[in-house]
>>> print(open('work02.csv').read())   # CSV, C-alpha atoms
chain,number,residue,atom,x,y,z
E,1,MET,CA,0.0,0.0,0.0
E,2,THR,CA,1.3,3.4,-0.9
E,3,SER,CA,2.2,5.5,2.1
E,4,PRO,CA,0.2,8.8,2.5
E,5,GLU,CA,3.4,10.6,2.8
E,6,GLN,CA,4.2,9.7,-0.8
E,7,HIS,CA,1.1,11.5,-1.8
E,8,SER,CA,1.0,14.5,0.4
E,9,ARG,CA,4.7,15.4,1.0
E,10,PRO,CA,6.8,17.4,-1.4
E,11,SER,CA,9.9,15.6,-2.8
E,12,ALA,CA,13.0,16.3,-0.8
E,13,SER,CA,15.9,18.1,-2.6
E,14,PRO,CA,19.3,16.4,-2.5
E,15,THR,CA,20.7,19.1,-0.3
E,16,GLU,CA,18.1,18.7,2.5
E,17,THR,CA,19.5,17.1,5.6
E,18,GLU,CA,16.3,16.7,7.7
E,19,PRO,CA,13.7,14.0,6.8
E,20,SER,CA,10.4,15.1,5.4
E,21,ARG,CA,7.6,15.4,7.9
E,22,ARG,CA,5.1,12.6,8.1
E,23,PRO,CA,1.4,13.5,7.9
E,24,LEU,CA,-0.5,13.6,11.2
E,25,ALA,CA,-3.5,11.5,12.1
E,26,LEU,CA,-5.6,12.4,15.2
E,27,ILE,CA,-7.3,9.3,16.6
E,28,THR,CA,-9.8,9.6,19.5
E,29,GLY,CA,-10.6,6.8,22.0
E,30,VAL,CA,-7.2,5.1,22.2
E,31,GLY,CA,-7.3,4.1,25.8
E,32,ARG,CA,-6.4,0.4,25.8
E,33,THR,CA,-3.8,-1.7,23.9
E,34,ILE,CA,-6.5,-4.2,22.7
E,35,GLY,CA,-8.9,-1.5,21.5
E,36,ILE,CA,-9.9,-0.7,17.9
E,37,GLY,CA,-8.4,2.8,18.3
E,38,ALA,CA,-5.0,1.4,19.3
E,39,GLY,CA,-5.1,-1.1,16.4
E,40,ILE,CA,-5.8,1.8,13.9
E,41,ALA,CA,-3.0,3.8,15.4
E,42,ARG,CA,-0.4,1.0,15.0
E,43,GLN,CA,-1.5,0.4,11.4
E,44,LEU,CA,-1.3,4.1,10.4
E,45,ALA,CA,2.0,4.5,12.1
E,46,ALA,CA,3.4,1.6,10.1
E,47,SER,CA,2.0,3.3,6.9
E,48,GLY,CA,3.9,6.5,7.5
E,49,TRP,CA,1.7,8.6,9.8
E,50,ASP,CA,2.6,10.5,13.0
E,51,ILE,CA,-0.1,9.9,15.6
E,52,ALA,CA,-1.9,12.1,18.1
E,53,PHE,CA,-4.4,10.2,20.2
E,54,THR,CA,-6.9,10.9,23.0
E,55,TYR,CA,-7.8,8.8,26.0
E,56,TRP,CA,-9.9,9.3,29.1
E,57,THR,CA,-9.0,7.2,32.1
E,58,PRO,CA,-12.1,7.9,34.2
E,59,TYR,CA,-14.3,6.2,31.6
E,60,ASP,CA,-12.3,2.9,31.7
E,61,LYS,CA,-12.3,3.1,35.5
E,62,ARG,CA,-16.1,3.0,35.7
E,63,MET,CA,-16.4,0.2,33.1
E,64,ALA,CA,-16.2,-3.5,33.8
E,65,TRP,CA,-12.8,-4.0,32.2
E,66,GLY,CA,-11.2,-1.3,34.4
E,67,VAL,CA,-8.0,0.7,33.7
E,68,GLU,CA,-5.2,-0.9,31.8
E,69,GLN,CA,-2.1,0.2,33.7
E,70,GLY,CA,0.7,1.5,31.5
E,71,ALA,CA,-1.5,1.4,28.3
E,72,THR,CA,-0.7,4.9,27.1
E,73,GLU,CA,3.0,4.3,27.5
E,74,ALA,CA,2.8,0.9,25.7
E,75,ILE,CA,0.8,2.4,22.8
E,76,GLU,CA,3.3,5.2,22.4
E,77,ALA,CA,6.2,2.8,22.4
E,78,ALA,CA,4.5,0.6,19.8
E,79,LEU,CA,3.9,3.7,17.6
E,80,ALA,CA,7.5,4.9,18.0
E,81,GLU,CA,8.8,1.4,16.9
E,82,ARG,CA,6.9,2.1,13.7
E,83,GLY,CA,8.6,5.4,13.2
E,84,ALA,CA,5.9,7.7,14.4
E,85,ARG,CA,6.1,10.8,16.5
E,86,THR,CA,3.3,10.7,19.1
E,87,ALA,CA,1.2,12.9,21.3
E,88,ALA,CA,-1.0,11.3,23.9
E,89,ILE,CA,-3.7,13.7,25.1
E,90,GLU,CA,-6.1,12.9,27.9
E,91,ALA,CA,-9.5,14.5,27.2
E,92,ASP,CA,-13.0,14.4,28.6
E,93,LEU,CA,-15.0,14.7,25.4
E,94,ALA,CA,-18.1,15.3,27.4
E,95,ASP,CA,-16.6,18.8,27.9
E,96,PRO,CA,-17.6,21.0,24.9
E,97,ASP,CA,-14.3,22.8,25.2
E,98,ALA,CA,-12.3,19.6,24.9
E,99,PRO,CA,-12.2,19.4,21.1
E,100,THR,CA,-10.5,22.8,20.8
E,101,ARG,CA,-8.0,21.9,23.4
E,102,VAL,CA,-7.2,18.6,21.7
E,103,PHE,CA,-6.5,20.3,18.4
E,104,ASP,CA,-4.4,23.0,20.1
E,105,GLU,CA,-2.3,20.3,21.8
E,106,ALA,CA,-1.9,18.1,18.7
E,107,GLU,CA,-0.8,21.1,16.6
E,108,ARG,CA,1.5,22.4,19.2
E,109,ARG,CA,3.3,19.1,19.6
E,110,LEU,CA,3.2,17.6,16.2
E,111,GLY,CA,1.7,20.0,13.6
E,112,PRO,CA,-1.5,20.2,11.5
E,113,VAL,CA,-3.9,17.3,11.4
E,114,THR,CA,-4.4,15.7,8.0
E,115,ALA,CA,-6.6,12.7,9.0
E,116,MET,CA,-9.0,12.4,11.9
E,117,ILE,CA,-10.4,9.0,13.1
E,118,LEU,CA,-13.2,9.1,15.6
E,119,SER,CA,-13.1,5.9,17.6
E,120,HIS,CA,-14.1,7.2,21.0
E,121,ALA,CA,-17.4,6.1,22.6
E,122,GLU,CA,-19.6,6.3,25.7
E,123,SER,CA,-21.3,2.9,25.8
E,124,VAL,CA,-23.4,1.7,28.7
E,125,ASP,CA,-26.1,-0.9,28.2
E,126,SER,CA,-29.6,0.2,28.8
E,127,GLY,CA,-32.9,0.0,27.0
E,128,LEU,CA,-36.1,2.1,26.4
E,129,LEU,CA,-37.4,1.6,30.0
E,130,ASP,CA,-34.2,1.8,32.1
E,131,THR,CA,-32.1,4.5,30.4
E,132,SER,CA,-31.7,7.5,32.7
E,133,VAL,CA,-31.8,11.0,31.5
E,134,GLU,CA,-28.3,11.6,32.7
E,135,SER,CA,-26.9,8.6,30.8
E,136,PHE,CA,-28.8,9.5,27.7
E,137,ASP,CA,-27.4,13.1,27.8
E,138,ARG,CA,-23.9,11.8,28.4
E,139,HIS,CA,-24.0,9.4,25.4
E,140,PHE,CA,-25.1,12.3,23.1
E,141,ALA,CA,-22.5,14.6,24.6
E,142,VAL,CA,-19.6,12.2,24.0
E,143,ASN,CA,-20.7,10.3,20.9
E,144,THR,CA,-22.6,13.0,19.0
E,145,ARG,CA,-21.8,16.5,20.2
E,146,ALA,CA,-18.1,15.9,20.7
E,147,SER,CA,-17.8,14.3,17.3
E,148,TRP,CA,-19.6,17.3,15.7
E,149,LEU,CA,-17.3,19.7,17.5
E,150,LEU,CA,-14.2,17.7,16.5
E,151,ILE,CA,-15.3,17.6,12.9
E,152,ARG,CA,-16.0,21.4,13.0
E,153,GLU,CA,-12.6,22.1,14.5
E,154,TYR,CA,-11.0,19.9,11.8
E,155,GLY,CA,-12.8,21.8,9.0
E,156,LEU,CA,-11.9,25.2,10.5
E,157,ARG,CA,-8.2,24.3,10.7
E,158,PHE,CA,-7.6,22.1,7.7
E,159,ARG,CA,-4.8,23.5,5.5
E,160,ALA,CA,-3.3,20.4,3.8
E,161,THR,CA,-3.3,19.8,0.1
E,162,ALA,CA,-6.8,19.2,-1.4
E,163,GLY,CA,-7.4,15.5,-1.7
E,164,THR,CA,-5.3,14.4,1.3
E,165,GLY,CA,-7.7,15.2,4.1
E,166,ARG,CA,-9.6,12.3,5.7
E,167,ILE,CA,-12.4,12.1,8.3
E,168,ILE,CA,-13.5,8.6,9.4
E,169,ALA,CA,-15.9,7.8,12.3
E,170,LEU,CA,-16.7,4.4,13.8
E,171,THR,CA,-20.4,3.6,14.3
E,172,SER,CA,-22.7,0.9,15.4
E,173,ASP,CA,-26.2,-0.3,14.4
E,174,HIS,CA,-26.9,-1.7,17.9
E,175,THR,CA,-29.9,-0.2,19.6
E,176,VAL,CA,-31.9,-3.0,21.3
E,177,GLY,CA,-30.9,-3.0,24.9
E,178,ASN,CA,-28.3,-0.4,24.1
E,179,LEU,CA,-30.5,2.6,23.2
E,180,PRO,CA,-28.5,5.7,24.1
E,181,TYR,CA,-25.3,4.2,22.5
E,182,GLY,CA,-27.0,3.2,19.3
E,183,ALA,CA,-29.1,6.3,19.0
E,184,SER,CA,-26.1,8.7,19.5
E,185,LYS,CA,-24.1,6.7,17.0
E,186,GLY,CA,-26.9,7.0,14.5
E,187,ALA,CA,-26.7,10.8,14.9
E,188,LEU,CA,-22.9,10.6,14.5
E,189,ASP,CA,-23.4,9.0,11.1
E,190,ARG,CA,-25.4,11.9,9.8
E,191,ILE,CA,-22.9,14.5,11.0
E,192,THR,CA,-19.9,12.6,9.5
E,193,LEU,CA,-21.6,12.1,6.2
E,194,ALA,CA,-22.6,15.7,6.0
E,195,ALA,CA,-18.9,16.6,6.0
E,196,ALA,CA,-18.4,14.8,2.7
E,197,ARG,CA,-20.4,17.6,1.0
E,198,GLU,CA,-19.8,20.5,3.3
E,199,PHE,CA,-16.1,20.1,3.2
E,200,ALA,CA,-16.0,19.6,-0.5
E,201,HIS,CA,-14.1,22.9,-0.9
E,202,LEU,CA,-11.3,21.5,1.2
E,203,GLY,CA,-11.0,18.3,-0.8
E,204,VAL,CA,-11.6,16.2,2.4
E,205,THR,CA,-13.3,12.8,2.3
E,206,SER,CA,-15.6,11.8,5.1
E,207,ASN,CA,-16.8,8.2,5.7
E,208,VAL,CA,-18.3,6.0,8.5
E,209,ILE,CA,-17.3,2.5,9.3
E,210,ASN,CA,-19.4,-0.1,11.1
E,211,PRO,CA,-16.8,-2.6,12.3
E,212,GLY,CA,-19.4,-5.2,13.4
E,213,PRO,CA,-18.8,-7.5,16.4
E,214,VAL,CA,-15.3,-6.9,17.7
E,215,ASP,CA,-14.4,-8.3,21.1
E,216,THR,CA,-12.1,-5.8,22.8
E,217,GLY,CA,-12.7,-7.2,26.3
E,218,TRP,CA,-16.4,-6.4,26.8
E,219,MET,CA,-18.0,-9.6,25.6
E,220,THR,CA,-18.9,-12.6,27.8
E,221,GLU,CA,-17.7,-16.0,26.5
E,222,ASP,CA,-21.3,-16.9,25.7
E,223,LEU,CA,-21.9,-13.7,23.7
E,224,ALA,CA,-18.7,-14.1,21.8
E,225,GLY,CA,-19.6,-17.6,20.8
E,226,LEU,CA,-23.1,-16.6,19.7
E,227,LEU,CA,-21.9,-13.7,17.6
E,228,ALA,CA,-19.1,-15.8,16.0
E,229,ARG,CA,-21.7,-18.4,15.0
E,230,GLU,CA,-24.0,-15.8,13.5
E,231,THR,CA,-21.3,-14.3,11.4
E,232,PRO,CA,-20.8,-16.0,7.9
E,233,LEU,CA,-17.0,-16.2,8.4
E,234,GLY,CA,-17.5,-18.0,11.7
E,235,ARG,CA,-15.4,-15.6,13.8
E,236,LEU,CA,-15.4,-12.2,15.5
E,237,GLY,CA,-13.8,-9.2,14.0
E,238,THR,CA,-10.5,-7.9,15.2
E,239,PRO,CA,-9.1,-4.4,15.7
E,240,GLN,CA,-6.8,-5.1,12.8
E,241,ASP,CA,-9.7,-5.8,10.4
E,242,THR,CA,-11.0,-2.3,11.0
E,243,ALA,CA,-7.4,-0.9,10.9
E,244,HIS,CA,-6.8,-2.3,7.4
E,245,LEU,CA,-9.9,-0.5,6.1
E,246,VAL,CA,-9.0,2.8,7.8
E,247,ASP,CA,-5.5,2.5,6.4
E,248,PHE,CA,-6.9,2.1,2.8
E,249,LEU,CA,-9.3,5.0,3.2
E,250,CYS,CA,-6.4,7.2,4.4
E,251,SER,CA,-4.2,6.2,1.5
E,252,PRO,CA,-4.3,7.9,-1.9
E,253,GLN,CA,-6.0,4.8,-3.3
E,254,GLY,CA,-9.0,5.4,-1.0
E,255,GLN,CA,-9.7,9.0,-2.1
E,256,TRP,CA,-12.6,8.1,-4.4
E,257,ILE,CA,-14.6,6.6,-1.5
E,258,ASN,CA,-16.5,9.5,0.1
E,259,GLY,CA,-19.8,10.0,2.0
E,260,GLN,CA,-20.2,6.3,2.6
E,261,LEU,CA,-21.3,4.1,5.6
E,262,LEU,CA,-19.1,1.0,5.1
E,263,LYS,CA,-19.9,-2.3,6.8
E,264,SER,CA,-16.7,-4.1,7.6
E,265,ASN,CA,-18.3,-6.8,9.6
E,266,GLY,CA,-17.7,-10.2,8.0
E,267,GLY,CA,-21.2,-10.3,6.7
E,268,ALA,CA,-22.9,-10.1,10.0
E,269,ALA,CA,-26.6,-9.1,9.7
>>> encode(input="work02.csv", output="structure tokens")
Amino acid sequence: MTSPEQHSRPSASPTETEPSRRPLALITGVGRTIGIGAGIARQLAASGWDIAFTYWTPYDKRMAWGVEQGATEAIEAALAERGARTAAIEADLADPDAPTRVFDEAERRLGPVTAMILSHAESVDSGLLDTSVESFDRHFAVNTRASWLLIREYGLRFRATAGTGRIIALTSDHTVGNLPYGASKGALDRITLAAAREFAHLGVTSNVINPGPVDTGWMTEDLAGLLARETPLGRLGTPQDTAHLVDFLCSPQGQWINGQLLKSNGGAA
């Protein structure tokens, strides 16, 4: 696969002594080494991108899987092994001021953002009858409002060559028993797809990926077995499955795919 830097970076003259700068990808929701966000970060780093990523420890702390000690350092080390400069940014995306601060920090430490991948999520199981107003509002603040504000910030600051910019958001079609998560992700889809048209003057593509059933530590053994049996390929998805598609979309070869909701789910219904 062609590296994005071969497309977006000018050719170095023979007299230059410093290496050309790698393009920068900003990835949200990279809190655990086994997560989809971390898998995407490793893949893009291997393909020639520098990586800024966000995480939010209090979210992991209140979830069943808990905080993975040393995860941020391990992720940064893995990215550095792949040649990437890194910036880990802790951010509470429920705060409407957080997206601006995230971009300020990423630009200060690494430079302008060329690709943005939204893989963060608030996800707490509850249905129509037992979802609290507080939980509903938090899901929409994190999954929907923060994504809109991040996309808006990206559009206001984008200065790279037309045709190189990328916005990719991860979504879900799960709603039954997971109402606020699924509903807020559905709203995220509409916002992300709008950018494919509203950012046309910037030459930025904007797509949504539904990665299907990926076990990143949240599934019970029974649920994992059930979902694997229901998938035509007979297995669960992996973070690397999603990372390969993101890598392609971020490459020059992926430029013609725009304004799409892509199901990378092994054929799962």
>>> residues_around(input="work02.csv", residues="segment 131-136 of chain E", least_positions_apart="2", cutoff="10 Å", atoms="all atoms listed in the file", output="number ranges by chain")
E: 122-129, 138-141, 177-181, 183-184
>>> write_last_selection(input="work02.csv", atoms="C-alpha atoms", output="PDB file, in the frame of the given file")
ATOM      1  CA  GLU E 122     -19.600   6.300  25.700  1.00  0.00           C
ATOM      2  CA  SER E 123     -21.300   2.900  25.800  1.00  0.00           C
ATOM      3  CA  VAL E 124     -23.400   1.700  28.700  1.00  0.00           C
ATOM      4  CA  ASP E 125     -26.100  -0.900  28.200  1.00  0.00           C
ATOM      5  CA  SER E 126     -29.600   0.200  28.800  1.00  0.00           C
ATOM      6  CA  GLY E 127     -32.900   0.000  27.000  1.00  0.00           C
ATOM      7  CA  LEU E 128     -36.100   2.100  26.400  1.00  0.00           C
ATOM      8  CA  LEU E 129     -37.400   1.600  30.000  1.00  0.00           C
ATOM      9  CA  ARG E 138     -23.900  11.800  28.400  1.00  0.00           C
ATOM     10  CA  HIS E 139     -24.000   9.400  25.400  1.00  0.00           C
ATOM     11  CA  PHE E 140     -25.100  12.300  23.100  1.00  0.00           C
ATOM     12  CA  ALA E 141     -22.500  14.600  24.600  1.00  0.00           C
ATOM     13  CA  GLY E 177     -30.900  -3.000  24.900  1.00  0.00           C
ATOM     14  CA  ASN E 178     -28.300  -0.400  24.100  1.00  0.00           C
ATOM     15  CA  LEU E 179     -30.500   2.600  23.200  1.00  0.00           C
ATOM     16  CA  PRO E 180     -28.500   5.700  24.100  1.00  0.00           C
ATOM     17  CA  TYR E 181     -25.300   4.200  22.500  1.00  0.00           C
ATOM     18  CA  ALA E 183     -29.100   6.300  19.000  1.00  0.00           C
ATOM     19  CA  SER E 184     -26.100   8.700  19.500  1.00  0.00           C
TER      20      SER E 184
END
>>> closest_residue(input="work02.csv", among="E:Pro58, E:Gly186, E:Gly111, E:Pro23", to="Ala84 of chain E", atoms="all atoms listed in the file")
E:Pro23
>>> closest_residue(input="work02.csv", among="E:Thr72, E:Thr54, E:Thr192, E:Thr216", to="Arg145 of chain E", atoms="only C-alpha atoms")
E:Thr192
>>> closest_atom_pairs(input="work02.csv", of="segment 58-170 of chain E", to="segment 40-45 of chain E", cutoff="12 Å", atoms="all atoms listed in the file", output="Markdown table")
| residue | atom | partner | partner_atom | distance |
| --- | --- | --- | --- | --- |
| E:Thr72 | CA | E:Ala41 | CA | 12.0 |
| E:Ala74 | CA | E:Arg42 | CA | 11.2 |
| E:Ile75 | CA | E:Arg42 | CA | 8.0 |
| E:Glu76 | CA | E:Arg42 | CA | 9.3 |
| E:Ala77 | CA | E:Arg42 | CA | 10.1 |
| E:Ala78 | CA | E:Arg42 | CA | 6.9 |
| E:Leu79 | CA | E:Arg42 | CA | 5.7 |
| E:Ala80 | CA | E:Ala45 | CA | 8.1 |
| E:Glu81 | CA | E:Ala45 | CA | 8.9 |
| E:Arg82 | CA | E:Ala45 | CA | 5.7 |
| E:Gly83 | CA | E:Ala45 | CA | 6.8 |
| E:Ala84 | CA | E:Ala45 | CA | 5.5 |
| E:Arg85 | CA | E:Ala45 | CA | 8.7 |
| E:Thr86 | CA | E:Ala45 | CA | 9.4 |
| E:Ala87 | CA | E:Ala41 | CA | 11.6 |
| E:Ala88 | CA | E:Ala41 | CA | 11.5 |
| E:Ala115 | CA | E:Leu44 | CA | 10.2 |
| E:Met116 | CA | E:Ala41 | CA | 11.1 |
| E:Ile117 | CA | E:Ile40 | CA | 8.6 |
| E:Leu118 | CA | E:Ile40 | CA | 10.5 |
| E:Ser119 | CA | E:Ile40 | CA | 9.2 |
| E:Ile168 | CA | E:Ile40 | CA | 11.2 |
| E:Ala169 | CA | E:Ile40 | CA | 11.9 |
| E:Leu170 | CA | E:Ile40 | CA | 11.2 |
>>> atom_distance(input="work02.csv", atom1="atom CA of Gly212 of chain E", atom2="atom CA of Pro239 of chain E")
10.6 Å
>>> closest_residue(input="work02.csv", among="E:Arg22, E:Thr28, E:Ser264, E:Asp92", to="Thr238 of chain E", atoms="only C-alpha atoms")
E:Ser264
>>> residues_around(input="work02.csv", residues="Ile151 of chain E", least_positions_apart="2", cutoff="8 Å", atoms="all atoms listed in the file", output="MDAnalysis selection string")
chainID E and resid 147:149 153:155 167 192 195
>>> atom_distance(input="work02.csv", atom1="atom CA of Glu90 of chain E", atom2="atom CA of Asp104 of chain E")
12.9 Å
>>> atom_distance(input="work02.csv", atom1="atom CA of Lys61 of chain E", atom2="atom CA of Ala187 of chain E")
26.3 Å
>>> residues_around(input="work02.csv", residues="segment 213-215 of chain E", least_positions_apart="6", cutoff="9 Å", atoms="only C-alpha atoms", output="list in words")
Gly35, Ile36, Ala224, Leu227, Ala228, Thr231, Leu236, Gly237, Thr238, Pro239, Asn265, Gly266 and Ala268 of chain E
>>> write_last_selection(input="work02.csv", atoms="C-alpha atoms", output="PDB file, keeping the file's coordinate frame")
ATOM      1  CA  GLY E  35      -8.900  -1.500  21.500  1.00  0.00           C
ATOM      2  CA  ILE E  36      -9.900  -0.700  17.900  1.00  0.00           C
ATOM      3  CA  ALA E 224     -18.700 -14.100  21.800  1.00  0.00           C
ATOM      4  CA  LEU E 227     -21.900 -13.700  17.600  1.00  0.00           C
ATOM      5  CA  ALA E 228     -19.100 -15.800  16.000  1.00  0.00           C
ATOM      6  CA  THR E 231     -21.300 -14.300  11.400  1.00  0.00           C
ATOM      7  CA  LEU E 236     -15.400 -12.200  15.500  1.00  0.00           C
ATOM      8  CA  GLY E 237     -13.800  -9.200  14.000  1.00  0.00           C
ATOM      9  CA  THR E 238     -10.500  -7.900  15.200  1.00  0.00           C
ATOM     10  CA  PRO E 239      -9.100  -4.400  15.700  1.00  0.00           C
ATOM     11  CA  ASN E 265     -18.300  -6.800   9.600  1.00  0.00           C
ATOM     12  CA  GLY E 266     -17.700 -10.200   8.000  1.00  0.00           C
ATOM     13  CA  ALA E 268     -22.900 -10.100  10.000  1.00  0.00           C
TER      14      ALA E 268
END
>>> closest_residue(input="work02.csv", among="E:His201, E:Lys185, E:His174, E:His120", to="Gly31 of chain E", atoms="all atoms listed in the file")
E:His120
>>> closest_residue(input="work02.csv", among="E:Ile27, E:Ala91, E:Glu230, E:Gly70", to="Tyr55 of chain E", atoms="all atoms listed in the file")
E:Ala91
>>> build_atoms(input="work02.csv", residues="segment 205-219 of chain E", atoms="N, CA, C and O atoms", output="PDB file, in the frame of the given file")
ATOM      1  N   THR E 205     -12.328  13.874   2.297  1.00  0.00           N
ATOM      2  CA  THR E 205     -13.300  12.800   2.300  1.00  0.00           C
ATOM      3  C   THR E 205     -13.770  12.497   3.689  1.00  0.00           C
ATOM      4  O   THR E 205     -13.007  12.651   4.645  1.00  0.00           O
ATOM      5  N   SER E 206     -15.026  12.035   3.813  1.00  0.00           N
ATOM      6  CA  SER E 206     -15.600  11.800   5.100  1.00  0.00           C
ATOM      7  C   SER E 206     -16.456  10.516   5.039  1.00  0.00           C
ATOM      8  O   SER E 206     -17.425  10.485   4.271  1.00  0.00           O
ATOM      9  N   ASN E 207     -16.113   9.488   5.803  1.00  0.00           N
ATOM     10  CA  ASN E 207     -16.800   8.200   5.700  1.00  0.00           C
ATOM     11  C   ASN E 207     -17.037   7.654   7.150  1.00  0.00           C
ATOM     12  O   ASN E 207     -16.369   8.045   8.110  1.00  0.00           O
ATOM     13  N   VAL E 208     -17.976   6.717   7.240  1.00  0.00           N
ATOM     14  CA  VAL E 208     -18.300   6.000   8.500  1.00  0.00           C
ATOM     15  C   VAL E 208     -18.073   4.553   8.311  1.00  0.00           C
ATOM     16  O   VAL E 208     -18.393   3.987   7.258  1.00  0.00           O
ATOM     17  N   ILE E 209     -17.513   3.913   9.327  1.00  0.00           N
ATOM     18  CA  ILE E 209     -17.300   2.500   9.300  1.00  0.00           C
ATOM     19  C   ILE E 209     -18.063   1.820  10.443  1.00  0.00           C
ATOM     20  O   ILE E 209     -17.973   2.255  11.598  1.00  0.00           O
ATOM     21  N   ASN E 210     -18.813   0.777  10.106  1.00  0.00           N
ATOM     22  CA  ASN E 210     -19.400  -0.100  11.100  1.00  0.00           C
ATOM     23  C   ASN E 210     -18.556  -1.346  11.196  1.00  0.00           C
ATOM     24  O   ASN E 210     -18.584  -2.162  10.275  1.00  0.00           O
ATOM     25  N   PRO E 211     -17.776  -1.515  12.269  1.00  0.00           N
ATOM     26  CA  PRO E 211     -16.800  -2.600  12.300  1.00  0.00           C
ATOM     27  C   PRO E 211     -17.432  -3.956  12.730  1.00  0.00           C
ATOM     28  O   PRO E 211     -16.714  -4.965  12.780  1.00  0.00           O
ATOM     29  N   GLY E 212     -18.737  -3.987  13.019  1.00  0.00           N
ATOM     30  CA  GLY E 212     -19.400  -5.200  13.400  1.00  0.00           C
ATOM     31  C   GLY E 212     -18.908  -5.721  14.770  1.00  0.00           C
ATOM     32  O   GLY E 212     -18.377  -4.949  15.577  1.00  0.00           O
ATOM     33  N   PRO E 213     -19.095  -7.014  15.074  1.00  0.00           N
ATOM     34  CA  PRO E 213     -18.800  -7.500  16.400  1.00  0.00           C
ATOM     35  C   PRO E 213     -17.282  -7.730  16.614  1.00  0.00           C
ATOM     36  O   PRO E 213     -16.678  -8.651  16.063  1.00  0.00           O
ATOM     37  N   VAL E 214     -16.692  -6.837  17.370  1.00  0.00           N
ATOM     38  CA  VAL E 214     -15.300  -6.900  17.700  1.00  0.00           C
ATOM     39  C   VAL E 214     -15.125  -7.007  19.195  1.00  0.00           C
ATOM     40  O   VAL E 214     -15.572  -6.120  19.931  1.00  0.00           O
ATOM     41  N   ASP E 215     -14.517  -8.067  19.655  1.00  0.00           N
ATOM     42  CA  ASP E 215     -14.400  -8.300  21.100  1.00  0.00           C
ATOM     43  C   ASP E 215     -13.065  -7.581  21.563  1.00  0.00           C
ATOM     44  O   ASP E 215     -11.970  -8.026  21.276  1.00  0.00           O
ATOM     45  N   THR E 216     -13.243  -6.490  22.274  1.00  0.00           N
ATOM     46  CA  THR E 216     -12.100  -5.800  22.800  1.00  0.00           C
ATOM     47  C   THR E 216     -12.130  -5.887  24.369  1.00  0.00           C
ATOM     48  O   THR E 216     -11.674  -4.979  25.065  1.00  0.00           O
ATOM     49  N   GLY E 217     -12.688  -6.998  24.851  1.00  0.00           N
ATOM     50  CA  GLY E 217     -12.700  -7.200  26.300  1.00  0.00           C
ATOM     51  C   GLY E 217     -14.042  -7.036  26.947  1.00  0.00           C
ATOM     52  O   GLY E 217     -14.173  -7.253  28.155  1.00  0.00           O
ATOM     53  N   TRP E 218     -15.062  -6.648  26.187  1.00  0.00           N
ATOM     54  CA  TRP E 218     -16.400  -6.400  26.800  1.00  0.00           C
ATOM     55  C   TRP E 218     -17.347  -7.525  26.643  1.00  0.00           C
ATOM     56  O   TRP E 218     -18.392  -7.536  27.304  1.00  0.00           O
ATOM     57  N   MET E 219     -17.058  -8.523  25.818  1.00  0.00           N
ATOM     58  CA  MET E 219     -18.000  -9.600  25.600  1.00  0.00           C
ATOM     59  C   MET E 219     -17.822 -10.721  26.621  1.00  0.00           C
ATOM     60  O   MET E 219     -16.704 -11.049  27.015  1.00  0.00           O
TER      61      MET E 219
END
